[in-house]
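Asks: The structure under discussion is supplied below as structure tokens; questions concerning it will follow.
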Amino acid sequence: MKVLVIGKGGREHAICWKFAQSPNVTEVIAAPGSDGMRSVARCVPIEEHEADDLLTFSAEENIGLVVIGPEAPLVNGLADRFTEAGIRVFGPSQKAAQVEGSKEFAKILMKKHAIPTGDYAVFTELDRAKDYVRKHGAPIVIKADGLAAGKGVVVAMTETEAFKALEDMLDSKQFGEAGARVVIEEYVAGEECSLMAFVHGETVVPMVVAQDHKRAFEGDRGPNTGGMGAYSPVPHLNEKTIAEAEEQILRRMAKAMSEEGCPFTGILYAGLMITEKGPKVIEFNARFGDPETQVVLPRLKTPLDDVIVSVLNGEEKEILWAEEACLGVVLASEGYPDGYEKGQVLDSNLLKSEEGQLFFHAGTKNTEAGWVTNGGRVGIVTSLANTLEQAKSAAYNDLARVKLDGLFYRSDIGNRAISPVTAGASSISKTK
Ligand code: AMP
Ligand code: GLY
């Protein structure tokens with residue numbers, strides 16, 4: 001079977017890399033993919049929003065399975081187009097993708113179906129939103145209702161910060177239409193983690209849990225980013241709590257969506273806060289997490305196509321996971337998540353991988369001058385080893401032997417789970 005992966009980031013590189021190991025996959029194709037994926041996939045120059053071309057291509061190539069990586073094409077209905085054309089696709093319909101595309105939609109479903117999450121209210125008018133903040137006080141969380149590339153969330157520690165976020169969204173229209181409706185949410189304290197599952201209707205096969213590091217700088221400081229590093233497993237989380245999250249959150253949400261006439265197919269991602277009272281939902285995504293996927297898929301031992309096809313057939317087949325731990329450190333362009341320069345030449349040592357070491361490309365490009373940066377998150381240095389400690393040392397040792405001009409990374413990935421190792425990292429990583 002030929003598979004088509006739509007997207008071009010580190011997540012899609014990891015998905016292609018995993019498919020390339022499957023005995024039943026004859027060819028992995030990425031659209032548009034990236035230079036960094038060429039070792040595991042044939043890349044075709046069709047962008048994720050070019051639905052007609054993607055459909056024609058898939059029909060001509062007799063694609064057996066399509067996986068859509070990013071949220072934007074899902075929210076725009078790309079999976080529906082494949083379904084209508086009779087091409088097997090693993091991704092939610094436009095209606096079901098609203099679970100990520102509208103925070104209010106997700107909240108309404110959660111409240112109706114008793115899925116644990118913080119209290120909230122929705123506003124389009126600044127004055128009324130400010131009144132609500134005054135009444136409830138800080139800390140409080142302000143979220144743009146629609147998609148805002150991971151930037152539409154402000155965890156306001158003071159009322160002033162909350163007012164500023166509301167003004168930016170409702171008055172200055174910083175996020176355009178996505179921020180014209182605002183969800184104000186109760187601040188939930190706890191330990192954060194990401195729990196993803198393969199889902200088709202009420203068939204739910206959970207993955208192993210991961211933890212992402214969303215803030216740009218060490219010690220969880222600085223602005224929110226798409227994610228600066230991740231690891232799996234997360235040993236300081238109680239297994240019973242995770243099992244509870246699988247039941248009360250993933251399965252209950254899948255059932256709720258079926259009952260509400262928008263059954264979900266694809267990867268249901270629950271961003272969770274593990275509180276003293278159990279797990280609560282911070283957000284749902286309708287796709288694989290980035291960079292969680294880059295540390296979860298290396299631990300998957302069952303071929304990825306087997307898992308997806310059996311879930312699509314309604315089977316909850318047990319999937320096998322490696323005992324090993326996986327940890328990935330994101331390498332980012334200086335300035336990310338705000339402005340940054342592209343075209344910085346990358347040290348070739350970065351791309352040499354040893355046993356257990358992987359570099360998943362995100363914003364890179366292969367030019368006559370060699371590999372250069374081409375995005376905010378450049379890639380993720382990932383290591384699979386017997387223990388988290390070993391995976392962490394290996395990833396940071398790998399980073400310590402490359403020159404990283406114009407780049408930075410966090411030196412504390414995994415520290416919440418293990419005691420810190422210094423391995424040459426802190427001198428070049430940036431702390432603000
Ligand atoms: P999101 O994009 O919704 O995942 O939010 C970005 C980050 O903001 C999350 O990873 C959390 O660290 C934080 N956050 C979001 N919602 C809440 C909440 N209700 N309480 C506390 N922190 C939150
Ligand atoms: N790493 C968070 C996300 O994929 O949304």
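Going by the structure tokens order, chains are called A, B, ..., each with residues numbered from 1, while ligands are numbered from 1 in the order shown.
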So which residues are near ligand 2, meaning at most 6 Å away with only C-alpha atoms and all ligand atoms counted, given back as a list in words?
Replies: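 Sorted by chain and then by number, the residues are Asp212, Gly226, Gly227, Gly289, Asp290, Pro291 and Glu292 of chain A.
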Asks: Generate a file of the selected residues that holds N, CA, C and O atoms, formatted as an mmCIF file, in the first residue's frame.
Replies:
data_model
loop_
_atom_site.group_PDB
_atom_site.id
_atom_site.type_symbol
_atom_site.label_atom_id
_atom_site.label_comp_id
_atom_site.auth_asym_id
_atom_site.auth_seq_id
_atom_site.Cartn_x
_atom_site.Cartn_y
_atom_site.Cartn_z
ATOM 1 N N ASP A 212 5.174 17.886 26.869
ATOM 2 C CA ASP A 212 5.740 18.905 25.979
ATOM 3 C C ASP A 212 6.239 20.058 26.852
ATOM 4 O O ASP A 212 5.839 20.175 28.012
ATOM 5 N N GLY A 226 5.127 26.630 19.784
ATOM 6 C CA GLY A 226 4.530 25.374 19.327
ATOM 7 C C GLY A 226 5.023 24.191 20.152
ATOM 8 O O GLY A 226 4.458 23.105 20.111
ATOM 9 N N GLY A 227 6.081 24.374 20.930
ATOM 10 C CA GLY A 227 6.655 23.269 21.731
ATOM 11 C C GLY A 227 8.166 23.247 21.545
ATOM 12 O O GLY A 227 8.654 23.295 20.423
ATOM 13 N N GLY A 289 0.236 15.681 17.888
ATOM 14 C CA GLY A 289 0.929 16.830 18.487
ATOM 15 C C GLY A 289 2.321 16.990 17.904
ATOM 16 O O GLY A 289 2.938 16.030 17.456
ATOM 17 N N ASP A 290 2.791 18.206 17.915
ATOM 18 C CA ASP A 290 4.150 18.493 17.454
ATOM 19 C C ASP A 290 4.804 19.320 18.554
ATOM 20 O O ASP A 290 4.320 20.426 18.826
ATOM 21 N N PRO A 291 5.790 18.863 19.288
ATOM 22 C CA PRO A 291 6.689 17.748 19.006
ATOM 23 C C PRO A 291 6.398 16.417 19.709
ATOM 24 O O PRO A 291 7.267 15.536 19.693
ATOM 25 N N GLU A 292 5.214 16.221 20.293
ATOM 26 C CA GLU A 292 4.974 14.951 20.995
ATOM 27 C C GLU A 292 5.147 13.738 20.070
ATOM 28 O O GLU A 292 5.673 12.700 20.476
#
Asks: Using only C-alpha atoms and all ligand atoms, which residues of chain A come within 7 Å of ligand 1, and what is the closest atom pair for each, with the distance in Å to one decimal? Give it as a tab-separated table, sorted by chain and residue number.
Replies:
residue	atom	partner	partner_atom_place_in_ligand_line	distance
A:Gly118	CA	ligand 1	19 (N)	6.0
A:Val141	CA	ligand 1	19 (N)	5.6
A:Gly150	CA	ligand 1	2 (O)	5.0
A:Lys151	CA	ligand 1	2 (O)	6.8
A:Gly152	CA	ligand 1	2 (O)	6.8
A:Val153	CA	ligand 1	5 (O)	5.3
A:Val154	CA	ligand 1	8 (O)	6.7
A:Val155	CA	ligand 1	8 (O)	5.9
A:Glu185	CA	ligand 1	19 (N)	5.4
A:Glu186	CA	ligand 1	19 (N)	5.2
A:Tyr187	CA	ligand 1	20 (N)	3.7
A:Val188	CA	ligand 1	20 (N)	3.7
A:Ala189	CA	ligand 1	21 (C)	5.7
A:Glu192	CA	ligand 1	12 (O)	6.8
A:Lys214	CA	ligand 1	10 (O)	5.9
A:Asn224	CA	ligand 1	6 (C)	6.5
A:Gly271	CA	ligand 1	4 (O)	6.2
A:Ile282	CA	ligand 1	16 (N)	4.9
A:Glu283	CA	ligand 1	3 (O)	4.9
Asks: Convert the current residue selection to file output with all heavy atoms, as a short mmCIF file (atom, residue, chain, number, x, y, z; two decimals), in the first residue's frame.
Replies:
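Here's the written file out19.cif:
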data_model
loop_
_atom_site.label_atom_id
_atom_site.label_comp_id
_atom_site.auth_asym_id
_atom_site.auth_seq_id
_atom_site.Cartn_x
_atom_site.Cartn_y
_atom_site.Cartn_z
N GLY A 118 -12.00 23.04 33.00
CA GLY A 118 -12.23 24.25 33.79
C GLY A 118 -13.51 24.97 33.37
O GLY A 118 -14.00 24.81 32.25
N VAL A 141 -7.41 32.58 32.33
CA VAL A 141 -6.83 32.27 31.02
C VAL A 141 -7.71 32.82 29.90
O VAL A 141 -8.93 32.61 29.91
CB VAL A 141 -6.64 30.75 30.88
CG1 VAL A 141 -5.96 30.40 29.56
CG2 VAL A 141 -5.81 30.21 32.04
N GLY A 150 -1.16 28.22 17.92
CA GLY A 150 -0.59 28.04 19.26
C GLY A 150 -0.33 29.32 20.02
O GLY A 150 0.17 29.30 21.14
N LYS A 151 -0.67 30.47 19.41
CA LYS A 151 -0.34 31.74 20.06
C LYS A 151 -1.54 32.43 20.69
O LYS A 151 -1.40 33.46 21.32
CB LYS A 151 0.31 32.69 19.05
CG LYS A 151 1.66 32.18 18.56
CD LYS A 151 2.28 33.18 17.61
CE LYS A 151 3.59 32.64 17.03
NZ LYS A 151 4.06 33.46 15.93
N GLY A 152 -2.72 31.87 20.51
CA GLY A 152 -3.93 32.55 20.96
C GLY A 152 -4.32 32.29 22.39
O GLY A 152 -5.48 32.43 22.74
N VAL A 153 -3.36 31.91 23.24
CA VAL A 153 -3.68 31.64 24.64
C VAL A 153 -2.81 32.51 25.54
O VAL A 153 -1.60 32.55 25.39
CB VAL A 153 -3.43 30.16 24.99
CG1 VAL A 153 -3.62 29.90 26.48
CG2 VAL A 153 -4.35 29.25 24.18
N VAL A 154 -3.45 33.24 26.46
CA VAL A 154 -2.68 34.04 27.43
C VAL A 154 -3.07 33.58 28.83
O VAL A 154 -4.24 33.65 29.20
CB VAL A 154 -2.96 35.55 27.26
CG1 VAL A 154 -2.25 36.35 28.34
CG2 VAL A 154 -2.51 36.02 25.88
N VAL A 155 -2.09 33.07 29.55
CA VAL A 155 -2.32 32.71 30.95
C VAL A 155 -2.01 33.98 31.74
O VAL A 155 -0.86 34.33 31.95
CB VAL A 155 -1.42 31.53 31.38
CG1 VAL A 155 -1.68 31.17 32.83
CG2 VAL A 155 -1.66 30.33 30.48
N GLU A 185 -11.26 31.34 30.60
CA GLU A 185 -11.29 30.04 31.27
C GLU A 185 -10.67 30.13 32.65
O GLU A 185 -9.71 30.87 32.87
CB GLU A 185 -10.48 29.08 30.40
CG GLU A 185 -10.72 27.64 30.67
CD GLU A 185 -9.90 26.79 29.69
OE1 GLU A 185 -10.30 26.66 28.52
OE2 GLU A 185 -8.85 26.29 30.11
N GLU A 186 -11.19 29.32 33.51
CA GLU A 186 -10.64 29.16 34.86
C GLU A 186 -9.18 28.71 34.76
O GLU A 186 -8.86 27.87 33.92
CB GLU A 186 -11.48 28.09 35.56
CG GLU A 186 -11.02 27.64 36.89
CD GLU A 186 -11.74 26.34 37.33
OE1 GLU A 186 -12.68 25.89 36.64
OE2 GLU A 186 -11.34 25.78 38.34
N TYR A 187 -8.33 29.25 35.60
CA TYR A 187 -6.93 28.81 35.65
C TYR A 187 -6.90 27.46 36.36
O TYR A 187 -7.41 27.31 37.46
CB TYR A 187 -6.09 29.84 36.40
CG TYR A 187 -4.67 29.43 36.63
CD1 TYR A 187 -3.71 29.61 35.63
CD2 TYR A 187 -4.28 28.87 37.84
CE1 TYR A 187 -2.39 29.22 35.84
CE2 TYR A 187 -2.96 28.48 38.05
CZ TYR A 187 -2.03 28.66 37.06
OH TYR A 187 -0.73 28.28 37.25
N VAL A 188 -6.29 26.47 35.70
CA VAL A 188 -6.22 25.12 36.28
C VAL A 188 -4.77 24.83 36.62
O VAL A 188 -3.90 24.88 35.73
CB VAL A 188 -6.76 24.06 35.28
CG1 VAL A 188 -6.69 22.68 35.88
CG2 VAL A 188 -8.19 24.39 34.85
N ALA A 189 -4.49 24.53 37.87
CA ALA A 189 -3.10 24.26 38.28
C ALA A 189 -2.85 22.76 38.29
O ALA A 189 -3.74 21.98 38.63
CB ALA A 189 -2.85 24.84 39.65
N GLU A 192 1.17 19.23 33.50
CA GLU A 192 0.61 19.14 32.16
C GLU A 192 1.12 17.89 31.43
O GLU A 192 2.27 17.50 31.61
CB GLU A 192 1.06 20.37 31.39
CG GLU A 192 -0.01 20.92 30.50
CD GLU A 192 0.40 22.24 29.86
OE1 GLU A 192 1.04 23.07 30.52
OE2 GLU A 192 0.06 22.41 28.68
N LYS A 214 6.10 23.97 26.53
CA LYS A 214 5.54 24.95 25.59
C LYS A 214 6.22 26.31 25.62
O LYS A 214 6.22 27.03 24.62
CB LYS A 214 4.05 25.13 25.89
CG LYS A 214 3.27 23.85 25.60
CD LYS A 214 1.95 24.13 24.93
CE LYS A 214 1.36 22.88 24.35
NZ LYS A 214 0.18 22.40 25.05
N ASN A 224 4.60 31.44 24.95
CA ASN A 224 4.22 30.11 24.49
C ASN A 224 4.70 29.89 23.07
O ASN A 224 4.70 30.82 22.26
CB ASN A 224 2.69 29.97 24.51
CG ASN A 224 2.19 29.34 25.79
OD1 ASN A 224 2.79 28.38 26.28
ND2 ASN A 224 1.13 29.87 26.32
N GLY A 271 -4.88 17.74 25.57
CA GLY A 271 -3.90 18.44 26.39
C GLY A 271 -4.48 18.46 27.80
O GLY A 271 -5.57 18.99 28.01
N ILE A 282 -7.30 20.79 29.04
CA ILE A 282 -6.89 22.16 28.74
C ILE A 282 -7.28 22.48 27.29
O ILE A 282 -7.70 23.57 26.97
CB ILE A 282 -5.35 22.29 28.91
CG1 ILE A 282 -4.97 22.15 30.38
CG2 ILE A 282 -4.81 23.57 28.32
CD1 ILE A 282 -5.45 23.29 31.24
N GLU A 283 -7.09 21.51 26.42
CA GLU A 283 -7.49 21.69 25.02
C GLU A 283 -7.59 20.33 24.34
O GLU A 283 -6.96 19.36 24.77
CB GLU A 283 -6.46 22.54 24.25
CG GLU A 283 -5.09 21.90 24.17
CD GLU A 283 -4.16 22.49 23.13
OE1 GLU A 283 -4.60 23.30 22.30
OE2 GLU A 283 -2.97 22.13 23.14
#
Asks: Mind giving me the straight-line distance from CA of His49 (chain A) to CA of Gly370 (chain A) in Å, one decimal?
Replies: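 CA of Gly370 (chain A) lies at a distance of 29.0 Å from CA of His49 (chain A).
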Asks: Pick out the residues sitting within 8 Å of Thr117 (chain A), and hand them over as a PyMOL selection string; count only C-alpha atoms, and ignore anything fewer than 4 positions along from it in its own chain.
Replies: chain A and resi 107+110-111+280-282
Asks: Using only C-alpha atoms, tabulate the residues of region 168-279 of chain A lying at most 6 Å from any atom of region 325-338 of chain A, each with its closest atom pair and that distance in Å to one decimal, by chain and increasing residue number, as a tab-separated table.
Replies:
residue	atom	partner	partner_atom	distance
A:Thr225	CA	A:Pro337	CA	5.8
A:Met228	CA	A:Val330	CA	4.9
A:Gly229	CA	A:Val329	CA	4.4
A:Ala230	CA	A:Gly328	CA	5.4
A:Tyr231	CA	A:Leu327	CA	4.2
A:Ser232	CA	A:Cys326	CA	5.5
Asks: Do you know which residues are at most 7 Å from region 297-307 of chain A counting only C-alpha atoms, after dropping those on the same chain fewer than 6 positions away, and could you put them as a list of chain:residue names?
Replies: A:Lys18, A:Phe19, A:Ser22, A:Ile319, A:Leu320, A:Trp321, A:Ala322, A:Glu324
Asks: Selected residues, C-alpha atoms, written as a PDB file, in the first residue's frame, please.
Replies:
ATOM      1  CA  LYS A  18       7.534   5.484  10.943  1.00  0.00           C
ATOM      2  CA  PHE A  19       5.550   4.476   7.837  1.00  0.00           C
ATOM      3  CA  SER A  22       6.231  -0.785   7.802  1.00  0.00           C
ATOM      4  CA  ILE A 319      -0.474  -1.981  20.208  1.00  0.00           C
ATOM      5  CA  LEU A 320       3.076  -2.647  21.323  1.00  0.00           C
ATOM      6  CA  TRP A 321       5.294   0.037  22.788  1.00  0.00           C
ATOM      7  CA  ALA A 322       9.021  -0.088  23.408  1.00  0.00           C
ATOM      8  CA  GLU A 324      12.699   2.541  26.084  1.00  0.00           C
TER       9      GLU A 324
END
Asks: Go ahead and compute the interatomic distance for CA of Ala243 (chain A) and CA of Val205 (chain A), in Å to one decimal.
Replies: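 According to the coordinates, CA of Ala243 (chain A) and CA of Val205 (chain A) are separated by 12.0 Å.
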Asks: Which is closest to His236 (chain A) among A:Asp131, A:Glu191, A:Glu276, A:Glu61, if we use only C-alpha atoms?
Replies: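 Smallest separation from His236 (chain A) among the options: A:Glu191.
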Asks: Could you jot down the CA of Ala197 (chain A) to CA of Tyr269 (chain A) separation for me, Å, one decimal place?
Replies: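 For CA of Ala197 (chain A) relative to CA of Tyr269 (chain A), the distance reads 6.5 Å.
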Asks: Please identify which residues in region 22-156 of chain A DSSP calls helix (DSSP H, G or I) from the backbone, and express them as number ranges by chain.
Replies: A: 35-37, 51-61, 71-75, 78-84, 98-101, 103-112, 126-136
Asks: Counting only C-alpha atoms, which of A:Val208, A:Lys365, A:Asp347, A:Val66 gets nearest to Glu323 (chain A)?
Replies: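 Of A:Val208, A:Lys365, A:Asp347, A:Val66, the one nearest Glu323 (chain A) is A:Val208, counting only C-alpha atoms.
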Asks: Can you pull out every residue within 8 Å of Val345 (chain A), counting only C-alpha atoms, but drop anything in the same chain fewer than 6 positions away, and send it as an mmCIF file with C-alpha atoms, in the first residue's frame?
Replies:
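Output below, filename out10.cif:
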data_model
loop_
_atom_site.group_PDB
_atom_site.id
_atom_site.type_symbol
_atom_site.label_atom_id
_atom_site.label_comp_id
_atom_site.auth_asym_id
_atom_site.auth_seq_id
_atom_site.Cartn_x
_atom_site.Cartn_y
_atom_site.Cartn_z
ATOM 1 C CA ALA A 369 25.556 26.208 0.570
ATOM 2 C CA GLY A 370 24.472 23.086 2.460
ATOM 3 C CA TRP A 371 21.606 22.695 4.901
ATOM 4 C CA VAL A 372 20.177 26.007 6.050
ATOM 5 C CA THR A 373 17.417 27.082 8.415
#
Asks: Taking the DSSP secondary structure from the backbone, can you list the residues of region 299-429 of chain A that are strand (DSSP E or B), as a PyMOL selection string?
Replies: chain A and resi 300+321+325-333+345+357-361+364-367+370-373+377-385+407-408
Asks: Give the answer as one residue: which of A:Gly414, A:Ile308, A:Gly406, A:Gly36 has the shortest atom-to-atom distance to Ser393 (chain A), using only C-alpha atoms?
Replies: A:Gly414
